[in-house]
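J.: Following this line is target23.pdb, made up of PDB, C-alpha atoms:
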ATOM      1  CA  MET A   1       0.000   0.000   0.000
ATOM      2  CA  GLY A   2       1.308   3.435  -0.895
ATOM      3  CA  THR A   3       1.056   6.534   1.238
ATOM      4  CA  PHE A   4      -1.994   8.781   1.133
ATOM      5  CA  SER A   5      -0.200  11.346  -1.038
ATOM      6  CA  GLU A   6       1.012   8.615  -3.419
ATOM      7  CA  ASN A   7      -2.544   7.354  -3.797
ATOM      8  CA  LEU A   8      -3.760  10.866  -4.605
ATOM      9  CA  ILE A   9      -1.069  11.205  -7.275
ATOM     10  CA  PHE A  10      -2.085   7.843  -8.753
ATOM     11  CA  ILE A  11      -5.749   8.922  -8.913
ATOM     12  CA  ALA A  12      -4.809  12.213 -10.604
ATOM     13  CA  VAL A  13      -2.663  10.364 -13.173
ATOM     14  CA  LEU A  14      -5.492   7.912 -13.823
ATOM     15  CA  VAL A  15      -8.009  10.723 -14.427
ATOM     16  CA  ASN A  16      -5.608  12.458 -16.837
ATOM     17  CA  PHE A  17      -5.022   9.141 -18.607
ATOM     18  CA  ILE A  18      -8.754   8.704 -19.124
ATOM     19  CA  ARG A  19      -9.021  12.236 -20.493
ATOM     20  CA  ASN A  20      -6.042  11.909 -22.796
ATOM     21  CA  THR A  21      -6.824   8.443 -24.160
ATOM     22  CA  LEU A  22     -10.213   9.633 -25.294
ATOM     23  CA  SER A  23      -9.605  12.711 -27.419
ATOM     24  CA  GLU A  24     -12.322  14.871 -28.939
ATOM     25  CA  ASP A  25     -11.536  13.510 -32.390
ATOM     26  CA  GLU A  26     -12.068   9.862 -31.489
ATOM     27  CA  PHE A  27     -15.309   8.387 -32.795
ATOM     28  CA  ILE A  28     -16.753   5.424 -30.915
ATOM     29  CA  ARG A  29     -19.069   2.905 -32.539
ATOM     30  CA  LEU A  30     -21.492   1.297 -30.088
ATOM     31  CA  GLY A  31     -23.907  -1.117 -31.721
ATOM     32  CA  ILE A  32     -25.515   0.673 -34.645
ATOM     33  CA  TRP A  33     -24.622   4.137 -33.321
ATOM     34  CA  CYS A  34     -21.630   6.445 -33.630
ATOM     35  CA  PHE A  35     -20.606   8.791 -30.790
ATOM     36  CA  SER A  36     -17.833  10.909 -29.366
ATOM     37  CA  PHE A  37     -17.600  11.451 -25.626
ATOM     38  CA  HIS A  38     -16.390  14.831 -24.364
ATOM     39  CA  LEU A  39     -15.182  15.126 -20.781
ATOM     40  CA  GLU A  40     -14.442  18.833 -21.021
ATOM     41  CA  TYR A  41     -17.016  20.966 -19.205
ATOM     42  CA  GLU A  42     -19.003  23.297 -21.455
ATOM     43  CA  PRO A  43     -22.305  25.222 -21.316
ATOM     44  CA  ARG A  44     -25.132  23.821 -23.449
ATOM     45  CA  HIS A  45     -24.748  26.228 -26.373
ATOM     46  CA  THR A  46     -21.020  25.443 -26.635
ATOM     47  CA  SER A  47     -21.691  21.693 -26.427
ATOM     48  CA  GLU A  48     -24.143  21.948 -29.316
ATOM     49  CA  LYS A  49     -21.681  24.054 -31.341
ATOM     50  CA  ILE A  50     -18.824  21.561 -30.885
ATOM     51  CA  CYS A  51     -21.039  18.654 -31.984
ATOM     52  CA  SER A  52     -22.274  20.598 -35.011
ATOM     53  CA  GLU A  53     -18.752  21.602 -36.098
ATOM     54  CA  LYS A  54     -17.739  17.929 -36.042
ATOM     55  CA  GLY A  55     -20.665  17.000 -38.293
ATOM     56  CA  GLY A  56     -23.040  15.701 -35.631
ATOM     57  CA  GLN A  57     -25.431  16.791 -32.926
ATOM     58  CA  LEU A  58     -25.818  16.435 -29.194
ATOM     59  CA  ILE A  59     -26.809  12.811 -28.585
ATOM     60  CA  MET A  60     -30.531  12.038 -28.918
ATOM     61  CA  LEU A  61     -31.634   9.401 -26.412
ATOM     62  CA  ASP A  62     -34.642   8.148 -28.321
ATOM     63  CA  SER A  63     -34.694   4.447 -27.391
ATOM     64  CA  ASP A  64     -34.157   2.387 -24.267
ATOM     65  CA  LYS A  65     -31.567   0.278 -26.088
ATOM     66  CA  LYS A  66     -29.440   3.310 -26.958
ATOM     67  CA  ILE A  67     -29.697   4.581 -23.373
ATOM     68  CA  ALA A  68     -28.539   1.225 -22.002
ATOM     69  CA  VAL A  69     -25.602   0.980 -24.455
ATOM     70  CA  VAL A  70     -24.348   4.493 -23.688
ATOM     71  CA  ARG A  71     -24.647   4.067 -19.925
ATOM     72  CA  LYS A  72     -22.816   0.767 -20.013
ATOM     73  CA  TYR A  73     -19.936   2.334 -21.947
ATOM     74  CA  ILE A  74     -19.721   5.365 -19.603
ATOM     75  CA  LYS A  75     -19.637   3.093 -16.567
ATOM     76  CA  ALA A  76     -17.038   0.745 -18.117
ATOM     77  CA  ARG A  77     -14.700   3.636 -18.970
ATOM     78  CA  GLY A  78     -14.905   5.036 -15.447
ATOM     79  CA  PHE A  79     -16.312   8.395 -16.526
ATOM     80  CA  THR A  80     -18.669   8.437 -13.527
ATOM     81  CA  SER A  81     -15.666   9.235 -11.331
ATOM     82  CA  GLU A  82     -15.613  12.688 -12.957
ATOM     83  CA  LEU A  83     -17.632  14.542 -10.320
ATOM     84  CA  ASN A  84     -16.156  18.012 -10.733
ATOM     85  CA  LEU A  85     -18.880  20.459 -11.661
ATOM     86  CA  GLN A  86     -17.231  23.689 -12.717
ATOM     87  CA  LYS A  87     -18.090  26.637 -10.447
ATOM     88  CA  ARG A  88     -19.573  24.116  -8.000
ATOM     89  CA  GLN A  89     -18.217  25.826  -4.883
ATOM     90  CA  ILE A  90     -19.341  29.254  -6.106
ATOM     91  CA  LEU A  91     -22.865  27.911  -6.620
ATOM     92  CA  LEU A  92     -22.873  26.194  -3.237
ATOM     93  CA  ASN A  93     -21.743  29.423  -1.579
ATOM     94  CA  SER A  94     -24.500  31.410  -3.267
ATOM     95  CA  TYR A  95     -27.040  28.803  -2.146
ATOM     96  CA  HIS A  96     -25.790  29.062   1.446
ATOM     97  CA  ARG A  97     -26.155  32.848   1.283
ATOM     98  CA  ILE A  98     -29.766  32.440   0.166
ATOM     99  CA  GLN A  99     -30.443  30.117   3.103
ATOM    100  CA  ASP A 100     -28.731  32.545   5.488
ATOM    101  CA  THR A 101     -30.965  35.347   4.222
ATOM    102  CA  VAL A 102     -34.081  33.218   4.694
ATOM    103  CA  ASN A 103     -33.004  32.331   8.232
ATOM    104  CA  TYR A 104     -32.271  35.959   9.051
ATOM    105  CA  GLY A 105     -35.664  36.991   7.704
ATOM    106  CA  GLU A 106     -37.358  34.486   9.990
ATOM    107  CA  ARG A 107     -35.389  35.753  13.003
ATOM    108  CA  PHE A 108     -36.196  39.343  12.088
ATOM    109  CA  CYS A 109     -39.909  38.550  11.872
ATOM    110  CA  ARG A 110     -39.894  36.903  15.299
ATOM    111  CA  MET A 111     -38.084  39.918  16.730
ATOM    112  CA  TYR A 112     -40.529  42.305  15.080
ATOM    113  CA  LYS A 113     -43.544  40.480  16.490
ATOM    114  CA  ASN A 114     -42.044  40.423  19.986
ATOM    115  CA  TYR A 115     -40.769  43.989  20.067
ATOM    116  CA  ARG A 116     -42.853  45.874  17.501
ATOM    117  CA  MET A 117     -43.924  48.447  20.034
ATOM    118  CA  ALA A 118     -40.362  49.069  21.237
ATOM    119  CA  LYS A 119     -38.867  49.400  17.730
ATOM    120  CA  PRO A 120     -35.205  48.477  18.390
ATOM    121  CA  SER A 121     -32.766  51.222  17.478
ATOM    122  CA  LYS A 122     -30.794  48.867  15.212
ATOM    123  CA  VAL A 123     -33.731  48.581  12.816
ATOM    124  CA  THR A 124     -35.077  51.435  10.711
ATOM    125  CA  TYR A 125     -38.718  51.254   9.622
ATOM    126  CA  ILE A 126     -39.922  53.310   6.634
ATOM    127  CA  PRO A 127     -43.739  53.099   6.638
ATOM    128  CA  ASN A 128     -45.715  53.395   3.403
ATOM    129  CA  LYS A 129     -47.693  56.460   4.462
ATOM    130  CA  LYS A 130     -48.737  57.400   0.948
ATOM    131  CA  ILE A 131     -50.343  54.049   0.147
ATOM    132  CA  PRO A 132     -53.866  53.804   1.620
ATOM    133  CA  GLU A 133     -55.096  50.652   3.313
ATOM    134  CA  ILE A 134     -58.026  49.046   1.514
ATOM    135  CA  GLU A 135     -60.375  46.996   3.640
ATOM    136  CA  GLN A 136     -61.870  43.696   2.432
ATOM    137  CA  ALA A 137     -59.821  43.549  -0.753
ATOM    138  CA  MET A 138     -58.461  40.219  -1.975
ATOM    139  CA  SER A 139     -55.951  42.048  -4.178
ATOM    140  CA  TYR A 140     -55.478  45.472  -5.656
ATOM    141  CA  TYR A 141     -53.107  47.364  -7.915
ATOM    142  CA  ILE A 142     -51.282  50.617  -7.254
ATOM    143  CA  ASP A 143     -50.417  52.975 -10.098
ATOM    144  CA  ALA A 144     -47.003  54.243  -9.008
ATOM    145  CA  ALA A 145     -46.551  56.561 -11.992
ATOM    146  CA  SER A 146     -47.399  59.571  -9.845
ATOM    147  CA  PRO A 147     -45.039  60.292  -6.912
ATOM    148  CA  ALA A 148     -48.073  61.586  -5.006
ATOM    149  CA  LYS A 149     -49.585  58.097  -4.961
ATOM    150  CA  SER A 150     -46.483  55.991  -4.436
ATOM    151  CA  ASN A 151     -43.368  55.669  -2.280
ATOM    152  CA  TRP A 152     -39.655  54.898  -2.587
ATOM    153  CA  LEU A 153     -40.357  51.397  -3.939
ATOM    154  CA  ARG A 154     -41.308  52.928  -7.284
ATOM    155  CA  TYR A 155     -37.582  53.331  -7.882
ATOM    156  CA  VAL A 156     -36.683  49.695  -7.117
ATOM    157  CA  ASN A 157     -36.379  47.645 -10.302
ATOM    158  CA  CYS A 158     -36.033  43.913 -10.902
ATOM    159  CA  ALA A 159     -32.589  42.303 -10.719
ATOM    160  CA  ARG A 160     -31.529  40.346 -13.806
ATOM    161  CA  ASN A 161     -29.042  38.101 -12.018
ATOM    162  CA  VAL A 162     -27.618  37.322  -8.600
ATOM    163  CA  HIS A 163     -24.798  39.846  -9.081
ATOM    164  CA  GLU A 164     -27.283  42.714  -9.378
ATOM    165  CA  GLU A 165     -29.626  41.575  -6.612
ATOM    166  CA  ASN A 166     -28.988  43.520  -3.397
ATOM    167  CA  LEU A 167     -32.423  43.676  -1.777
ATOM    168  CA  LYS A 168     -34.597  40.923  -0.263
ATOM    169  CA  PRO A 169     -38.286  41.115   0.691
ATOM    170  CA  ILE A 170     -39.304  39.763   4.105
ATOM    171  CA  ILE A 171     -43.005  39.048   4.562
ATOM    172  CA  CYS A 172     -43.972  39.318   8.220
ATOM    173  CA  ASP A 173     -47.248  39.771  10.050
ATOM    174  CA  GLY A 174     -49.066  41.092   6.982
ATOM    175  CA  LEU A 175     -46.271  43.508   6.137
ATOM    176  CA  VAL A 176     -43.414  43.446   3.626
ATOM    177  CA  PHE A 177     -39.976  44.599   4.765
ATOM    178  CA  TYR A 178     -37.047  45.082   2.394
ATOM    179  CA  MET A 179     -33.620  44.104   3.648
ATOM    180  CA  THR A 180     -30.298  44.695   1.929
ATOM    181  CA  SER A 181     -28.573  41.373   1.209
ATOM    182  CA  LYS A 182     -25.105  42.828   0.650
ATOM    183  CA  ASP A 183     -23.181  46.044   1.211
ATOM    184  CA  VAL A 184     -24.628  48.772  -1.005
ATOM    185  CA  GLU A 185     -22.192  51.415  -2.161
ATOM    186  CA  PRO A 186     -23.281  55.061  -2.619
ATOM    187  CA  ASP A 187     -25.045  55.765  -5.934
ATOM    188  CA  THR A 188     -25.845  52.054  -6.370
ATOM    189  CA  GLU A 189     -29.322  51.175  -7.610
ATOM    190  CA  LEU A 190     -31.473  48.990  -5.364
ATOM    191  CA  LEU A 191     -32.573  45.864  -7.242
ATOM    192  CA  VAL A 192     -34.848  43.096  -5.989
ATOM    193  CA  TRP A 193     -36.278  39.887  -7.425
ATOM    194  CA  TYR A 194     -39.889  40.636  -8.392
ATOM    195  CA  GLY A 195     -41.112  37.057  -8.098
ATOM    196  CA  THR A 196     -41.645  34.089 -10.417
ATOM    197  CA  GLU A 197     -44.771  35.290 -12.229
ATOM    198  CA  TYR A 198     -43.536  38.815 -12.879
ATOM    199  CA  GLY A 199     -40.122  37.402 -13.786
ATOM    200  CA  LYS A 200     -41.779  35.404 -16.579
ATOM    201  CA  HIS A 201     -43.148  38.631 -18.069
ATOM    202  CA  LEU A 202     -39.621  40.044 -18.045
ATOM    203  CA  GLY A 203     -38.104  36.858 -19.462
ATOM    204  CA  ILE A 204     -36.063  36.216 -16.288
ATOM    205  CA  THR A 205     -35.925  32.891 -14.443
ATOM    206  CA  ARG A 206     -34.529  32.774 -10.909
ATOM    207  CA  MET A 207     -33.838  29.102 -10.238
ATOM    208  CA  HIS A 208     -30.873  27.867  -8.233
ATOM    209  CA  PRO A 209     -29.354  24.549  -9.423
ATOM    210  CA  SER A 210     -29.047  23.347  -5.811
ATOM    211  CA  ASP A 211     -32.846  23.224  -5.666
ATOM    212  CA  GLU A 212     -32.869  20.694  -8.510
ATOM    213  CA  LEU A 213     -29.455  19.019  -8.702
ATOM    214  CA  ASP A 214     -26.970  17.366  -6.369
ATOM    215  CA  LEU A 215     -23.849  19.489  -6.734
ATOM    216  CA  LYS A 216     -21.752  17.380  -4.361
ATOM    217  CA  SER A 217     -21.694  13.718  -5.347
ATOM    218  CA  THR A 218     -23.563  13.070  -8.607
ATOM    219  CA  PHE A 219     -22.080  12.617 -12.100
ATOM    220  CA  TYR A 220     -23.955  14.439 -14.876
ATOM    221  CA  ILE A 221     -23.550  14.314 -18.652
ATOM    222  CA  ARG A 222     -25.514  16.430 -21.128
ATOM    223  CA  VAL A 223     -27.898  14.802 -23.640
ATOM    224  CA  TYR A 224     -31.138  15.276 -25.548
ATOM    225  CA  TYR A 225     -34.115  13.058 -24.780
ATOM    226  CA  SER A 226     -37.111  12.345 -27.006
ATOM    227  CA  PRO A 227     -40.225  11.105 -25.147
ATOM    228  CA  GLN A 228     -41.752   9.948 -28.469
ATOM    229  CA  ALA A 229     -39.549   6.853 -28.560
ATOM    230  CA  PRO A 230     -41.782   3.806 -29.261
ATOM    231  CA  ASP A 231     -39.891   1.550 -26.830
ATOM    232  CA  SER A 232     -39.403   4.145 -24.105
ATOM    233  CA  THR A 233     -41.039   2.471 -21.137
ATOM    234  CA  LEU A 234     -38.477   3.020 -18.382
ATOM    235  CA  TYR A 235     -38.942   6.696 -17.686
ATOM    236  CA  SER A 236     -41.739   8.992 -16.592
ATOM    237  CA  PHE A 237     -41.119  12.731 -16.752
ATOM    238  CA  ASN A 238     -44.324  14.045 -15.230
ATOM    239  CA  SER A 239     -42.311  15.380 -12.298
ATOM    240  CA  HIS A 240     -39.565  16.902 -14.455
ATOM    241  CA  ILE A 241     -41.198  18.465 -17.499
ATOM    242  CA  SER A 242     -42.860  21.631 -16.282
ATOM    243  CA  ASN A 243     -42.326  23.785 -19.330
ATOM    244  CA  ARG A 244     -42.320  23.520 -23.096
ATOM    245  CA  PRO A 245     -39.787  21.325 -24.915
ATOM    246  CA  ASN A 246     -36.493  22.884 -25.908
ATOM    247  CA  SER A 247     -37.295  22.426 -29.582
ATOM    248  CA  SER A 248     -39.395  20.619 -32.145
ATOM    249  CA  GLU A 249     -37.870  21.076 -35.562
ATOM    250  CA  THR A 250     -36.246  19.388 -38.526
ATOM    251  CA  ASN A 251     -32.471  19.728 -38.459
ATOM    252  CA  ASN A 252     -29.430  17.530 -37.960
ATOM    253  CA  GLY A 253     -31.590  14.445 -38.365
ATOM    254  CA  MET A 254     -34.090  15.447 -35.670
ATOM    255  CA  LEU A 255     -37.045  14.921 -37.961
ATOM    256  CA  ASN A 256     -40.272  16.124 -36.328
ATOM    257  CA  LYS A 257     -39.022  15.054 -32.907
ATOM    258  CA  THR A 258     -39.999  16.847 -29.757
ATOM    259  CA  TYR A 259     -36.948  16.729 -27.529
ATOM    260  CA  PHE A 260     -35.785  18.033 -24.198
ATOM    261  CA  GLY A 261     -32.407  19.232 -22.952
ATOM    262  CA  MET A 262     -31.592  16.693 -20.264
ATOM    263  CA  LEU A 263     -28.833  15.553 -17.930
ATOM    264  CA  ASP A 264     -28.195  11.850 -17.470
ATOM    265  CA  SER A 265     -27.127  11.478 -13.847
ATOM    266  CA  TYR A 266     -25.358   8.673 -12.000
ATOM    267  CA  ARG A 267     -25.068   8.203  -8.249
ATOM    268  CA  GLY A 268     -24.700   5.147  -6.052
ATOM    269  CA  GLY A 269     -25.162   2.688  -8.907
ATOM    270  CA  MET A 270     -28.393   4.345 -10.114
ATOM    271  CA  TRP A 271     -29.025   6.282 -13.340
ATOM    272  CA  LYS A 272     -31.677   8.955 -13.725
ATOM    273  CA  LEU A 273     -32.567  11.461 -16.438
ATOM    274  CA  VAL A 274     -33.328  14.955 -15.170
ATOM    275  CA  LEU A 275     -34.392  18.086 -17.004
ATOM    276  CA  GLU A 276     -31.668  20.709 -17.456
ATOM    277  CA  LYS A 277     -33.396  23.952 -16.577
ATOM    278  CA  ASN A 278     -32.427  27.591 -16.935
ATOM    279  CA  TYR A 279     -29.956  28.403 -14.158
ATOM    280  CA  SER A 280     -28.419  31.457 -15.825
ATOM    281  CA  TYR A 281     -29.607  33.805 -13.025
ATOM    282  CA  PHE A 282     -26.970  32.235 -10.770
ATOM    283  CA  SER A 283     -24.477  30.881 -13.311
ATOM    284  CA  ASP A 284     -24.228  33.455 -16.119
ATOM    285  CA  ASP A 285     -23.996  31.242 -19.240
ATOM    286  CA  GLY A 286     -25.528  28.189 -17.562
ATOM    287  CA  LEU A 287     -23.998  25.117 -15.964
ATOM    288  CA  HIS A 288     -20.948  23.421 -17.476
ATOM    289  CA  PHE A 289     -21.127  19.651 -18.016
ATOM    290  CA  PRO A 290     -19.432  16.955 -20.098
ATOM    291  CA  PHE A 291     -21.471  15.860 -23.108
ATOM    292  CA  ILE A 292     -21.891  13.294 -25.897
ATOM    293  CA  CYS A 293     -22.061  13.954 -29.648
ATOM    294  CA  GLU A 294     -23.878  11.621 -32.049
ATOM    295  CA  TYR A 295     -23.068  11.118 -35.747
ATOM    296  CA  ASN A 296     -24.136   9.278 -38.837
ATOM    297  CA  GLN A 297     -22.749   5.711 -38.885
ATOM    298  CA  ASN A 298     -20.622   6.521 -41.963
ATOM    299  CA  ILE A 299     -18.467   8.883 -39.894
ATOM    300  CA  CYS A 300     -17.452   6.015 -37.596
ATOM    301  CA  LEU A 301     -16.840   3.702 -40.569
ATOM    302  CA  ASN A 302     -14.700   6.268 -42.405
ATOM    303  CA  SER A 303     -12.702   7.182 -39.268
ATOM    304  CA  HIS A 304     -11.580   3.563 -38.844
ATOM    305  CA  ASN A 305     -10.596   2.996 -42.490
TER     306      ASN A 305
END
What do you get writing this file as structure tokens?

T.:
Amino acid sequence: MGTFSENLIFIAVLVNFIRNTLSEDEFIRLGIWCFSFHLEYEPRHTSEKICSEKGGQLIMLDSDKKIAVVRKYIKARGFTSELNLQKRQILLNSYHRIQDTVNYGERFCRMYKNYRMAKPSKVTYIPNKKIPEIEQAMSYYIDAASPAKSNWLRYVNCARNVHEENLKPIICDGLVFYMTSKDVEPDTELLVWYGTEYGKHLGITRMHPSDELDLKSTFYIRVYYSPQAPDSTLYSFNSHISNRPNSSETNNGMLNKTYFGMLDSYRGGMWKLVLEKNYSYFSDDGLHFPFICEYNQNICLNSHN
């Protein structure tokens, strides 16, 4: 048995060997299909571009047999040991900050309810004196165009990403408080997340990958999945597909196929397909994952001649 440091060096050499022995230009024929496996981490648009430039497309998992063949190959080559999600720690840190803010909001609300009459000197309350209270109203709208009928919140716009967001709403005892979530420099605009429904109108999605994915111990690889496969009986996506398909078009051999951008995940001996959603609010250009390209069989035949 070698020392701990020697074992770490051996593991690092083994990972590099796996990467180097499978270059981007190597085409792999598995059954009746032709693929190339890419262990470099790329966002979805770059993955699709690389596949297209090599004469193929991101792999289309459109049959149970193809899924089984690909998974068997990935497992046999030891690719599932590649657990490094780029920017993983940054995403985990941002998720922890969100949880810290939620916890602080709950503590603040308890403090407010207990000491609302005393109004602690550390907390500044800015009441909405210009907005009238409306009795027995389920909901109502306020036209904030006129300064005479609005307050300072008329100047608070919606953040487009986590870097811009510096204000958090805290709902407590029928009131809404706004708390800064980071240091705000002079002449900096206050920006808050408006909420899911309003975000849709603005074309902004605020979804953290930690709410959907395991960023610590799961292997992911990027694929397409077509639920129209005639022999697809292993998977149900009722819990995953909550929006429209990524595309339904005729290009690169995807003839009239409705398909979804997916991640094939592996953990503890179990495989599972999950929907790759829009995480750009927290990760700029999206998450970076390894991916698989698929080609016409002739490409594999010609590459081995």

J.: In Å, rounded to a single decimal, give me how far atom CA of A:Gln297 is from atom CA of A:Trp33.

T.: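 Result for atom CA of A:Trp33 versus atom CA of A:Gln297: 6.1 Å, one decimal.
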
J.: Do you know which residues the PyMOL selection byres ((chain A and resi 94) around 12) returns on this file, as a list in words?

T.: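 Checking the PyMOL selection byres ((chain A and resi 94) around 12) against this file, the residues are Lys87, Arg88, Gln89, Ile90, Leu91, Leu92, Asn93, Tyr95, His96, Arg97, Ile98, Gln99, Asp100, Thr101, Asn161, Val162, His163, Glu165, Ser181, Met207, His208, Pro209, Ser210, Asp211, Tyr281, Phe282 and Ser283 of chain A.
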
J.: Counting only C-alpha atoms, figure out which residue out of A:Cys158, A:Lys75, A:Val223, A:Met270 gets nearest to A:Gln57.

T.: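 Closest to A:Gln57 of all the choices is A:Val223.
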
J.: Output the residue selection produced by the PyMOL selection byres ((chain A and resi 179) around 6) on the file above, formatted as JSON, numbers by chain.

T.: {"A": [167, 168, 178, 180]}

J.: Place a sphere of radius 10 Å on (-36.0, 38.8, -13.6) in the file coordinates and name every protein, DNA or RNA residue with an atom inside or on its surface, counting all atoms listed in the file; give the answer as JSON, numbers by chain.

T.: {"A": [157, 158, 159, 160, 161, 162, 165, 192, 193, 194, 195, 196, 197, 198, 199, 200, 201, 202, 203, 204, 205, 206, 281]}

J.: Under the PyMOL selection byres ((chain A and resi 45) around 12), which residues of this model are included? Write them out as number ranges by chain.

T.: A: 41-44, 46-52, 57-58, 222, 261, 285-289, 291

J.: How many Å lie between atom CA of A:Ala145 and atom CA of A:Cys172, rounded to one decimal?

T.: 26.7 Å

J.: Which residue gives the smallest distance to A:Ser36 among A:Arg267, A:Arg116, A:Lys54, A:Arg110, with all atoms listed in the file counted?

T.: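 Checking each candidate against A:Ser36, we get A:Lys54 as the closest.
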
J.: Edge lengths and centre, in Å to one decimal, as lines of an AutoDock Vina configuration file: that's what I need for the box along x, y and z that holds all listed atoms of stretch 183-193 of chain A plus 4 Å on each side.

T.:
center_x = -29.2
center_y = 47.8
center_z = -3.2
size_x = 22.1
size_y = 23.9
size_z = 16.8

J.: Taking the block above, write stretch 288-294 of chain A with all heavy atoms as a JSON list (two decimals), in the first residue's frame.

T.:
[["chain", "number", "residue", "atom", "x", "y", "z"],
["A", 288, "HIS", "N", -21.92, 24.07, -16.59],
["A", 288, "HIS", "CA", -20.95, 23.42, -17.48],
["A", 288, "HIS", "C", -20.91, 21.93, -17.16],
["A", 288, "HIS", "O", -20.66, 21.54, -16.01],
["A", 288, "HIS", "CB", -19.56, 24.04, -17.28],
["A", 288, "HIS", "CG", -19.48, 25.47, -17.72],
["A", 288, "HIS", "ND1", -18.35, 25.99, -18.33],
["A", 288, "HIS", "CD2", -20.35, 26.50, -17.66],
["A", 288, "HIS", "CE1", -18.55, 27.26, -18.62],
["A", 288, "HIS", "NE2", -19.76, 27.60, -18.20],
["A", 289, "PHE", "N", -21.13, 21.10, -18.19],
["A", 289, "PHE", "CA", -21.13, 19.65, -18.02],
["A", 289, "PHE", "C", -20.39, 18.98, -19.18],
["A", 289, "PHE", "O", -20.30, 19.54, -20.27],
["A", 289, "PHE", "CB", -22.56, 19.11, -17.99],
["A", 289, "PHE", "CG", -23.34, 19.46, -16.75],
["A", 289, "PHE", "CD1", -24.34, 20.41, -16.80],
["A", 289, "PHE", "CD2", -23.08, 18.82, -15.54],
["A", 289, "PHE", "CE1", -25.07, 20.73, -15.66],
["A", 289, "PHE", "CE2", -23.81, 19.13, -14.41],
["A", 289, "PHE", "CZ", -24.80, 20.09, -14.46],
["A", 290, "PRO", "N", -19.89, 17.75, -18.96],
["A", 290, "PRO", "CA", -19.43, 16.96, -20.10],
["A", 290, "PRO", "C", -20.62, 16.58, -20.97],
["A", 290, "PRO", "O", -21.77, 16.71, -20.54],
["A", 290, "PRO", "CB", -18.80, 15.72, -19.43],
["A", 290, "PRO", "CG", -19.43, 15.65, -18.09],
["A", 290, "PRO", "CD", -19.73, 17.06, -17.67],
["A", 291, "PHE", "N", -20.36, 16.10, -22.19],
["A", 291, "PHE", "CA", -21.47, 15.86, -23.11],
["A", 291, "PHE", "C", -21.09, 14.78, -24.12],
["A", 291, "PHE", "O", -19.93, 14.37, -24.22],
["A", 291, "PHE", "CB", -21.87, 17.15, -23.82],
["A", 291, "PHE", "CG", -20.74, 17.80, -24.58],
["A", 291, "PHE", "CD1", -20.61, 17.63, -25.96],
["A", 291, "PHE", "CD2", -19.81, 18.59, -23.93],
["A", 291, "PHE", "CE1", -19.57, 18.22, -26.66],
["A", 291, "PHE", "CE2", -18.76, 19.20, -24.62],
["A", 291, "PHE", "CZ", -18.63, 19.01, -25.98],
["A", 292, "ILE", "N", -22.09, 14.34, -24.89],
["A", 292, "ILE", "CA", -21.89, 13.29, -25.90],
["A", 292, "ILE", "C", -22.41, 13.81, -27.24],
["A", 292, "ILE", "O", -23.51, 14.36, -27.31],
["A", 292, "ILE", "CB", -22.65, 12.00, -25.53],
["A", 292, "ILE", "CG1", -22.32, 11.57, -24.10],
["A", 292, "ILE", "CG2", -22.33, 10.89, -26.52],
["A", 292, "ILE", "CD1", -23.21, 10.44, -23.60],
["A", 293, "CYS", "N", -21.62, 13.62, -28.29],
["A", 293, "CYS", "CA", -22.06, 13.95, -29.65],
["A", 293, "CYS", "C", -22.45, 12.67, -30.37],
["A", 293, "CYS", "O", -21.86, 11.61, -30.15],
["A", 293, "CYS", "CB", -20.96, 14.66, -30.43],
["A", 293, "CYS", "SG", -20.43, 16.26, -29.73],
["A", 294, "GLU", "N", -23.42, 12.77, -31.26],
["A", 294, "GLU", "CA", -23.88, 11.62, -32.05],
["A", 294, "GLU", "C", -23.74, 11.94, -33.54],
["A", 294, "GLU", "O", -24.00, 13.07, -33.96],
["A", 294, "GLU", "CB", -25.33, 11.30, -31.72],
["A", 294, "GLU", "CG", -25.88, 10.09, -32.46],
["A", 294, "GLU", "CD", -27.30, 9.73, -32.02],
["A", 294, "GLU", "OE1", -27.86, 10.43, -31.15],
["A", 294, "GLU", "OE2", -27.85, 8.75, -32.56]]
